[in-house]
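Text of coords_30.cif, listed as mmCIF, C-alpha atoms:
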data_protein
loop_
_atom_site.label_atom_id
_atom_site.label_comp_id
_atom_site.auth_asym_id
_atom_site.auth_seq_id
_atom_site.Cartn_x
_atom_site.Cartn_y
_atom_site.Cartn_z
CA MET P 1 2.80 28.74 24.67
CA SER P 2 5.23 25.91 25.48
CA ASP P 3 7.75 24.55 22.98
CA ASP P 4 5.77 21.38 22.38
CA GLN P 5 2.51 23.26 21.75
CA LYS P 6 3.65 25.52 18.92
CA GLU P 7 1.01 27.00 16.66
CA GLY P 8 -0.06 24.46 14.03
CA ILE P 9 1.55 21.48 15.72
CA ILE P 10 -0.44 19.12 17.92
CA GLN P 11 1.92 17.00 19.98
CA PRO P 12 1.03 14.31 20.80
CA PRO P 13 -2.23 13.67 18.90
CA PRO P 14 -5.19 12.66 21.14
CA ASN P 15 -5.29 8.99 22.02
CA ARG P 16 -8.58 7.15 22.55
CA LEU P 17 -7.09 3.79 23.44
CA PRO P 18 -8.53 2.21 26.62
CA ARG P 19 -4.97 1.51 27.76
CA PRO P 20 -1.55 2.54 26.42
CA LEU P 21 0.43 0.24 24.18
CA LYS P 22 3.57 -0.87 26.01
CA GLU P 23 6.19 -3.51 25.55
CA GLN P 24 5.35 -6.46 27.82
CA LYS P 25 7.25 -9.62 28.71
CA ASP P 26 4.21 -11.88 28.41
CA ALA P 27 2.84 -10.38 25.16
CA LEU P 28 3.22 -11.97 21.74
CA SER P 29 6.68 -11.08 20.37
CA LEU P 30 7.18 -9.75 16.85
CA ASP P 31 8.74 -13.02 15.67
CA ASP P 32 5.94 -15.13 17.17
CA ALA P 33 3.29 -12.80 15.77
CA VAL P 34 4.84 -13.07 12.32
CA LYS P 35 5.04 -16.88 12.57
CA LYS P 36 1.37 -17.06 13.52
CA ALA P 37 0.43 -14.66 10.74
CA GLU P 38 2.35 -16.61 8.12
CA ALA P 39 0.71 -19.85 9.26
CA ARG P 40 -2.75 -18.30 9.00
CA MET P 41 -1.89 -16.81 5.61
CA ALA P 42 -0.75 -20.23 4.38
CA ASP P 43 -4.04 -21.79 5.56
CA LEU P 44 -6.02 -19.11 3.78
CA VAL P 45 -4.05 -19.57 0.57
CA GLU P 46 -4.74 -23.30 0.66
CA SER P 47 -8.44 -22.73 1.19
CA GLU P 48 -8.72 -20.21 -1.66
CA PRO P 49 -7.30 -21.92 -4.77
CA ASN P 50 -9.44 -19.73 -7.04
CA TRP P 51 -8.13 -16.41 -5.72
CA ALA P 52 -6.98 -15.28 -9.17
CA ASP P 53 -9.93 -16.46 -11.26
CA ALA P 54 -11.94 -13.23 -11.27
CA ASP P 55 -8.91 -11.04 -12.02
CA MET P 56 -7.63 -13.36 -14.77
CA GLU P 57 -11.09 -13.36 -16.34
CA CYS P 58 -11.13 -9.56 -16.18
CA VAL P 59 -7.68 -9.33 -17.77
CA THR P 60 -8.51 -11.83 -20.52
CA LYS P 61 -11.82 -10.15 -21.38
CA ALA P 62 -10.19 -6.73 -21.36
CA LEU P 63 -7.46 -7.94 -23.73
CA ILE P 64 -10.02 -9.33 -26.16
CA GLY P 65 -11.98 -6.11 -25.90
CA ALA P 66 -8.91 -3.96 -26.54
CA GLU P 67 -8.08 -6.02 -29.65
CA ASN P 68 -11.58 -6.13 -31.12
CA ASP P 69 -13.36 -3.02 -29.90
CA LYS P 70 -11.00 -0.22 -30.91
CA GLU P 71 -13.62 2.46 -30.26
CA ASN P 72 -13.60 1.63 -26.56
CA SER P 73 -10.00 0.52 -26.30
CA GLY P 74 -9.33 3.14 -23.59
CA SER P 75 -11.75 1.59 -21.13
CA HIS P 76 -10.62 -1.93 -22.04
CA MET P 77 -7.01 -0.98 -21.40
CA ALA P 78 -7.98 0.61 -18.08
CA ALA P 79 -9.73 -2.63 -17.08
CA LEU P 80 -6.70 -4.64 -18.22
CA TYR P 81 -4.44 -2.49 -16.08
CA ALA P 82 -6.76 -2.71 -13.07
CA GLY P 83 -6.93 -6.51 -13.20
CA THR P 84 -3.17 -6.82 -13.70
CA HIS P 85 -2.58 -4.45 -10.81
CA GLU P 86 -4.66 -6.65 -8.50
CA LEU P 87 -2.73 -9.75 -9.55
CA LYS P 88 0.51 -7.88 -8.90
CA GLY P 89 -0.56 -7.07 -5.36
CA MET P 90 -1.81 -10.54 -4.53
CA GLY P 91 0.50 -12.99 -6.29
CA GLY P 92 3.26 -12.85 -3.72
CA ASN P 93 0.84 -13.39 -0.86
CA PHE P 94 -1.04 -16.28 -2.49
CA GLY P 95 1.94 -18.51 -3.26
CA TYR P 96 2.71 -17.11 -6.72
CA PRO P 97 5.45 -14.47 -6.50
CA ILE P 98 6.05 -15.12 -10.22
CA VAL P 99 2.56 -13.72 -10.86
CA THR P 100 3.61 -10.57 -9.02
CA ASP P 101 6.76 -10.42 -11.16
CA ILE P 102 4.95 -10.85 -14.50
CA ALA P 103 2.10 -8.53 -13.52
CA SER P 104 4.60 -5.90 -12.32
CA LEU P 105 6.34 -6.01 -15.69
CA LEU P 106 3.04 -5.62 -17.50
CA CYS P 107 1.84 -2.77 -15.27
CA LYS P 108 5.12 -0.95 -15.82
CA TYR P 109 4.90 -1.49 -19.57
CA LEU P 110 1.32 -0.20 -19.70
CA GLN P 111 2.25 2.87 -17.68
CA GLU P 112 5.31 3.75 -19.70
CA GLN P 113 4.10 3.15 -23.25
CA GLU P 114 1.85 5.70 -24.89
CA GLU P 115 0.94 3.16 -27.53
CA PRO P 116 1.59 -0.26 -26.06
CA ASP P 117 2.12 -3.10 -28.48
CA MET P 118 -0.74 -5.60 -28.20
CA ARG P 119 1.63 -8.46 -28.97
CA VAL P 120 3.69 -7.60 -25.89
CA ILE P 121 0.58 -7.40 -23.73
CA THR P 122 -0.72 -10.70 -25.12
CA LEU P 123 2.56 -12.43 -24.32
CA HIS P 124 2.35 -11.25 -20.72
CA VAL P 125 -1.25 -12.37 -20.33
CA ASP P 126 -0.46 -15.72 -21.94
CA SER P 127 2.45 -16.09 -19.53
CA LEU P 128 0.12 -15.55 -16.60
CA LYS P 129 -2.24 -18.19 -17.99
CA LEU P 130 0.68 -20.57 -18.39
CA VAL P 131 1.68 -20.06 -14.75
CA PHE P 132 -1.79 -20.93 -13.51
CA ASP P 133 -2.43 -23.74 -15.99
CA HIS P 134 0.84 -25.44 -15.04
CA ASN P 135 0.63 -24.50 -11.37
CA LEU P 136 4.00 -22.77 -11.40
CA GLY P 137 3.84 -21.65 -7.78
CA GLY P 138 6.63 -19.80 -5.99
CA ASP P 139 9.03 -18.16 -8.41
CA GLY P 140 8.13 -20.77 -11.04
CA GLY P 141 11.50 -22.51 -10.75
CA GLU P 142 13.95 -22.37 -13.64
CA GLU P 143 11.16 -22.13 -16.22
CA GLY P 144 9.60 -19.26 -14.31
CA ARG P 145 12.84 -17.34 -14.03
CA ILE P 146 13.55 -17.72 -17.75
CA LEU P 147 10.00 -16.61 -18.55
CA VAL P 148 10.26 -13.43 -16.47
CA GLU P 149 13.70 -12.67 -17.88
CA ARG P 150 12.48 -13.02 -21.45
CA LEU P 151 9.44 -10.85 -20.82
CA ALA P 152 11.66 -8.14 -19.33
CA LYS P 153 13.97 -8.28 -22.38
CA LEU P 154 10.97 -8.14 -24.69
CA GLU P 155 9.75 -5.01 -22.96
CA ASP P 156 13.17 -3.40 -23.32
CA LYS P 157 13.11 -4.15 -27.03
CA ALA P 158 9.56 -2.87 -27.37
CA ALA P 159 10.52 0.31 -25.51
CA MET P 160 13.25 0.97 -28.06
CA GLY P 161 10.63 1.05 -30.77
CA LYS P 162 7.93 -1.09 -32.29
CA SER P 163 10.08 -1.42 -35.39
CA LYS P 164 12.48 -3.60 -33.42
CA LEU P 165 9.77 -6.18 -32.81
CA SER P 166 8.59 -6.32 -36.39
CA GLY P 167 12.10 -6.25 -37.80
CA GLU P 168 11.41 -3.07 -39.81
CA SER P 169 14.02 -0.35 -39.82
CA SER P 170 13.38 2.43 -37.29
CA MET S 1 11.19 -12.07 24.11
CA ALA S 2 8.93 -9.06 24.84
CA GLY S 3 6.16 -7.91 22.56
CA TYR S 4 3.10 -5.69 22.43
CA ASP S 5 -0.42 -6.62 23.48
CA LEU S 6 -2.48 -5.53 20.48
CA SER S 7 -5.62 -7.37 21.60
CA HIS S 8 -7.50 -4.24 22.63
CA LEU S 9 -7.01 -2.43 19.31
CA ARG S 10 -10.07 -1.76 17.15
CA VAL S 11 -9.06 -1.91 13.50
CA LEU S 12 -10.93 -0.88 10.38
CA VAL S 13 -9.92 -2.72 7.20
CA VAL S 14 -10.88 -0.91 4.00
CA GLU S 15 -10.18 -3.04 0.91
CA ASP S 16 -12.32 -3.85 -2.11
CA HIS S 17 -10.70 -7.16 -3.04
CA LYS S 18 -12.32 -9.97 -1.07
CA TYR S 19 -9.27 -12.23 -0.91
CA MET S 20 -6.90 -9.44 0.11
CA ARG S 21 -9.38 -8.28 2.73
CA ASN S 22 -9.51 -11.81 4.17
CA LEU S 23 -5.72 -11.98 4.14
CA ILE S 24 -5.32 -8.74 6.06
CA LYS S 25 -7.92 -9.92 8.56
CA GLU S 26 -6.06 -13.21 9.08
CA ILE S 27 -2.84 -11.32 9.76
CA LEU S 28 -4.56 -9.06 12.29
CA ILE S 29 -6.16 -12.04 14.04
CA ALA S 30 -2.71 -13.63 14.26
CA PHE S 31 -1.59 -10.45 16.05
CA ASP S 32 -4.37 -11.17 18.60
CA ILE S 33 -6.46 -8.27 17.32
CA ARG S 34 -10.09 -9.29 17.66
CA ASP S 35 -12.18 -6.21 17.04
CA ILE S 36 -11.94 -5.87 13.27
CA ARG S 37 -14.46 -4.30 10.94
CA GLU S 38 -14.21 -4.74 7.19
CA CYS S 39 -15.42 -2.39 4.48
CA GLU S 40 -15.29 -2.74 0.71
CA ASP S 41 -14.68 0.91 -0.05
CA GLY S 42 -14.00 4.29 1.50
CA ALA S 43 -17.65 5.41 1.55
CA ARG S 44 -18.76 2.40 3.59
CA ALA S 45 -15.77 2.91 5.86
CA ILE S 46 -16.76 6.51 6.58
CA ARG S 47 -20.24 5.29 7.54
CA GLU S 48 -18.77 2.48 9.66
CA MET S 49 -16.69 4.98 11.59
CA GLY S 50 -19.96 6.48 12.78
CA ILE S 51 -20.64 3.35 14.82
CA PHE S 52 -17.19 1.79 15.24
CA PRO S 53 -14.57 3.82 17.14
CA ALA S 54 -11.59 2.51 15.21
CA ASP S 55 -8.13 3.06 16.72
CA LEU S 56 -6.48 2.43 13.38
CA ALA S 57 -7.39 1.92 9.73
CA VAL S 58 -5.62 -0.26 7.15
CA VAL S 59 -6.71 1.14 3.81
CA ASP S 60 -6.29 0.20 0.16
CA LEU S 61 -5.71 3.00 -2.34
CA ALA S 62 -7.71 2.05 -5.44
CA MET S 63 -11.39 1.52 -4.61
CA GLU S 64 -14.73 2.68 -5.96
CA PRO S 65 -16.74 4.84 -5.35
CA LEU S 66 -14.44 6.36 -2.71
CA ASN S 67 -10.74 5.53 -2.89
CA GLY S 68 -8.23 5.46 -0.05
CA LEU S 69 -6.93 8.96 -0.70
CA ASP S 70 -10.38 10.55 -0.57
CA PHE S 71 -11.25 8.47 2.49
CA THR S 72 -8.14 9.84 4.20
CA ARG S 73 -8.95 13.43 3.21
CA ILE S 74 -12.47 13.10 4.64
CA VAL S 75 -11.21 11.56 7.88
CA ARG S 76 -8.68 14.35 8.30
CA ASN S 77 -10.68 17.35 7.16
CA ALA S 78 -14.45 16.85 7.23
CA ASN S 79 -16.33 18.56 10.07
CA GLU S 80 -18.29 15.32 10.50
CA SER S 81 -15.16 13.18 10.88
CA GLN S 82 -15.43 10.94 13.94
CA ASN S 83 -11.68 10.89 14.54
CA PRO S 84 -9.48 13.16 12.45
CA PHE S 85 -6.41 11.88 14.29
CA MET S 86 -7.03 8.22 13.48
CA PRO S 87 -3.80 6.52 12.32
CA ILE S 88 -4.12 5.40 8.70
CA ILE S 89 -1.85 2.80 7.14
CA MET S 90 -2.20 2.67 3.36
CA LEU S 91 -1.58 -0.78 1.89
CA THR S 92 -1.43 -0.76 -1.88
CA GLY S 93 0.08 -2.28 -5.00
CA TYR S 94 0.96 1.21 -6.20
CA ALA S 95 4.45 2.27 -5.14
CA GLU S 96 5.12 5.19 -7.50
CA ALA S 97 6.76 8.16 -5.79
CA SER S 98 4.01 10.50 -6.95
CA LEU S 99 1.32 8.37 -5.30
CA VAL S 100 3.29 7.99 -2.09
CA SER S 101 3.61 11.75 -2.03
CA GLU S 102 -0.11 12.21 -2.72
CA ALA S 103 -0.94 9.77 0.08
CA ARG S 104 1.30 11.68 2.48
CA ASP S 105 -0.34 14.97 1.42
CA ALA S 106 -3.77 13.43 2.02
CA GLY S 107 -2.71 12.68 5.60
CA VAL S 108 -1.75 9.01 5.57
CA ASN S 109 0.54 7.99 8.46
CA GLU S 110 2.32 5.06 6.82
CA PHE S 111 2.50 3.52 3.37
CA LEU S 112 3.07 -0.19 2.70
CA ALA S 113 3.43 -1.87 -0.68
CA LYS S 114 1.60 -5.06 -1.61
CA PRO S 115 2.23 -8.01 -1.52
CA VAL S 116 1.86 -7.43 2.20
CA SER S 117 4.49 -8.53 4.70
CA ALA S 118 3.13 -9.54 8.10
CA ARG S 119 6.33 -8.28 9.74
CA SER S 120 6.09 -4.85 8.10
CA LEU S 121 2.42 -4.50 8.99
CA TYR S 122 3.10 -5.39 12.63
CA GLN S 123 5.94 -2.87 12.83
CA ARG S 124 3.83 -0.11 11.25
CA ILE S 125 0.92 -0.79 13.62
CA VAL S 126 3.16 -0.58 16.66
CA SER S 127 4.86 2.52 15.27
CA VAL S 128 1.69 4.52 14.59
CA ILE S 129 0.13 3.61 17.93
CA GLN S 130 3.11 3.72 20.27
CA ASN S 131 5.11 6.50 18.64
CA PRO S 132 2.62 8.66 16.75
CA ARG S 133 3.83 11.59 14.71
CA PRO S 134 2.65 15.00 15.91
CA PHE S 135 -0.14 16.45 13.81
CA VAL S 136 0.34 19.63 11.80
CA ARG S 137 -2.34 22.12 10.89
CA THR S 138 -1.73 24.70 8.17
CA ASP S 139 -4.01 26.48 5.71
CA SER S 140 -3.62 23.65 3.22
CA TYR S 141 -2.89 20.58 5.31
CA PHE S 142 -4.02 18.76 8.40
CA GLY S 143 -2.46 15.45 9.28
CA PRO S 144 0.63 13.72 10.62
CA ASP S 145 3.89 15.64 10.35
CA ARG S 146 5.27 14.78 6.91
CA ARG S 147 8.84 15.60 7.76
CA ARG S 148 11.52 13.06 8.63
CA ARG S 149 11.44 12.46 12.35
CA ASP S 150 14.06 11.53 14.92
CA ASP S 151 14.13 7.86 15.74
CA PRO S 152 15.55 7.33 19.25
CA SER S 153 16.46 3.76 18.36
CA TYR S 154 18.69 4.85 15.43
CA VAL S 155 22.36 4.65 16.39
CA GLY S 156 24.07 5.49 13.07
CA PRO S 157 25.53 8.83 11.90
CA ASP S 158 23.27 11.82 11.34
CA ARG S 159 24.25 12.44 7.73
CA ARG S 160 21.74 15.25 7.28
CA LYS S 161 23.14 17.22 10.19
CA ARG S 162 26.66 16.63 8.91
CA ALA S 163 25.61 17.87 5.45
CA LEU S 164 24.03 20.99 6.97
CA ASP S 165 27.16 21.60 9.06
CA GLU S 166 29.36 21.25 5.97
CA LEU S 167 27.24 23.80 4.11
CA GLY S 168 27.26 26.17 7.09
CA VAL S 169 23.43 26.19 7.08
CA GLU S 170 21.16 26.06 10.10
CA GLU S 171 18.25 23.65 10.19
CA MET S 172 14.89 25.39 9.72
CA SER S 173 12.69 25.75 12.78
CA ASP S 174 9.08 24.53 12.93
CA ASP S 175 7.89 28.15 12.67
CA ASP S 176 10.00 28.73 9.55
CA ILE S 177 8.63 25.62 7.89
CA LEU S 178 5.02 26.45 8.78
CA ALA S 179 5.47 29.97 7.44
CA LEU S 180 6.96 28.55 4.25
CA ALA S 181 4.03 26.10 3.94
CA LYS S 182 1.53 28.96 4.31
CA ARG S 183 3.24 31.08 1.65
CA HIS S 184 3.18 28.21 -0.84
CA SER S 185 -0.23 26.72 -0.13
#
For the file at hand, write its structure as structure tokens.
Amino acid sequence: MSDDQKEGIIQPPPNRLPRPLKEQKDALSLDDAVKKAEARMADLVESEPNWADADMECVTKALIGAENDKENSGSHMAALYAGTHELKGMGGNFGYPIVTDIASLLCKYLQEQEEPDMRVITLHVDSLKLVFDHNLGGDGGEEGRILVERLAKLEDKAAMGKSKLSGESS
Amino acid sequence: MAGYDLSHLRVLVVEDHKYMRNLIKEILIAFDIRDIRECEDGARAIREMGIFPADLAVVDLAMEPLNGLDFTRIVRNANESQNPFMPIIMLTGYAEASLVSEARDAGVNEFLAKPVSARSLYQRIVSVIQNPRPFVRTDSYFGPDRRRRDDPSYVGPDRRKRALDELGVEEMSDDDILALAKRHS
């Protein structure tokens, strides 16, 4: 058995391509391909202004459910996380990196807290609504940056203990 | 400047979110890839592979009823798999180390975090097609080699080799690693 055909190792894996992939002078370069892709992505973003509607509706409904239907709070929180996770993955691509930032903070909070504080979650969801209602695209500008910073600080405080938020002694 | 002709690639996009699926498709079209099939979940994708000889799959992680990890495991291990060697790029909003590790153990070739970068996706596509990892078969795993691999284009210091030299330890051979994998599977 040759060195490159050792037991358990298949080198190289079978290739079913009609022709090999090689670097070519007349092919689309990486930079040109990226430029084209970004232009097409921008066109898509413009044509899909409602990209976040379904996920925001899911998140809002799940939040209301978690607050009012304690018996099924587990499934409501799972739905809340799922919707937030989608917004996290899409925001940056659809012209709203601030949505990715806020949703990332909320996802992290939900993952790390055994008993998340509903007030903290509500503030995050309200922040997302604010971003969309006021069309704070991009990083949201100065207002957006302050918003994200304050949410991050709030989470740090909440992580230190719920008592910090309510002002009770720990 | 030179580039790669990707126009002949057949790509399977497996993503449950309509807008993200459209976005990935737009990026692939920009790369001159024309033969693209879209599926909303892993189960549909498995069925699609029966009629579409995909060269590559771009797959989301969280989907119902069959998620990206289970899709990957079926592609790699099922007797009925149409192409167990198919390169799989996982594109997901999850970036936790445990999930990356699980994806690697399922047999994913590359892992990209969302929001997606067109540049990163292009580079991963070229990498998995032009410079594929060897596949490894052990009692508990079949898929691309999960170990760090040599990159001929890297020109910096080999810190790992230096560390091994400093410790006076020899690098393990492929046989040693496979034997170790078998003992611990």
Requested in this report: Give me, as a ChimeraX atom specification, the contact residues of chain S against chain P at a cut-off of 7 Å, counting all atoms listed in the file.
Outcome: /S:1-5,19-20,23,26-27,30-31,55,85,93,114-116,118-119,130,134-138
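CA of Asp126 (chain P) is found 14.8 Å from CA of Glu155 (chain P).
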Requested in this report: Could you tell me which residues the PyMOL selection byres ((chain S and resi 7) around 6) grabs in this file, written as a PyMOL selection string?
Outcome: chain S and resi 5-6+8-9+32-33
Would you save the residues of that selection, restricted to C-alpha atoms, as a short mmCIF file (atom, residue, chain, number, x, y, z; two decimals), keeping the file's coordinate frame?
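Wrote it out as result.cif, contents follow:
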data_model
loop_
_atom_site.label_atom_id
_atom_site.label_comp_id
_atom_site.auth_asym_id
_atom_site.auth_seq_id
_atom_site.Cartn_x
_atom_site.Cartn_y
_atom_site.Cartn_z
CA ASP S 5 -0.42 -6.62 23.48
CA LEU S 6 -2.48 -5.53 20.48
CA HIS S 8 -7.50 -4.24 22.63
CA LEU S 9 -7.01 -2.43 19.31
CA ASP S 32 -4.37 -11.17 18.60
CA ILE S 33 -6.46 -8.27 17.32
#
Query raised in the report: For this file, the PyMOL selection byres ((chain S and resi 70-78) around 9) selects which residues, as a VMD selection string?
Result: chain S and resid 41 to 43 45 to 46 59 66 to 69 79 to 86 88 103 105 to 108 141 to 143
Requested in this report: Might you spell out which residues the PyMOL selection byres ((chain P and resi 80) around 12) would select in the displayed file, as number ranges by chain?
Outcome: P: 55-67, 73-79, 81-87, 103, 106-107, 110-111, 118, 121-122, 124-125
Query raised in the report: Between S:Ile29, S:Ala95, S:Phe111, S:Pro87, which one has atoms that come closest to Asn131 (chain S), using all atoms listed in the file?
Result: S:Pro87
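For the atom pair formed by CA of Ser140 (chain S) and CA of Glu102 (chain S), the distance is 13.4 Å, given to one decimal.
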Report summary line: A straight line from CA of Glu38 (chain S) to CA of Thr92 (chain S) spans 16.2 Å
Once you count all atoms listed in the file, which residues end up no further than 10 Å from (-13.1, 1.5, 11.9) in the file's frame, shown as a compact mmCIF listing (two decimals) with C-alpha atoms, in the frame of the given file?
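Dumped everything to part.txt:
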# COMPACT_ATOMS: atom_id res chain seq x y z
CA ARG S 10 -10.07 -1.76 17.15
CA VAL S 11 -9.06 -1.91 13.50
CA LEU S 12 -10.93 -0.88 10.38
CA VAL S 13 -9.92 -2.72 7.20
CA VAL S 14 -10.88 -0.91 4.00
CA ASP S 35 -12.18 -6.21 17.04
CA ILE S 36 -11.94 -5.87 13.27
CA ARG S 37 -14.46 -4.30 10.94
CA GLU S 38 -14.21 -4.74 7.19
CA CYS S 39 -15.42 -2.39 4.48
CA ALA S 45 -15.77 2.91 5.86
CA ILE S 46 -16.76 6.51 6.58
CA ARG S 47 -20.24 5.29 7.54
CA GLU S 48 -18.77 2.48 9.66
CA MET S 49 -16.69 4.98 11.59
CA GLY S 50 -19.96 6.48 12.78
CA ILE S 51 -20.64 3.35 14.82
CA PHE S 52 -17.19 1.79 15.24
CA PRO S 53 -14.57 3.82 17.14
CA ALA S 54 -11.59 2.51 15.21
CA ASP S 55 -8.13 3.06 16.72
CA LEU S 56 -6.48 2.43 13.38
CA ALA S 57 -7.39 1.92 9.73
CA VAL S 58 -5.62 -0.26 7.15
CA GLN S 82 -15.43 10.94 13.94
CA ASN S 83 -11.68 10.89 14.54
CA MET S 86 -7.03 8.22 13.48
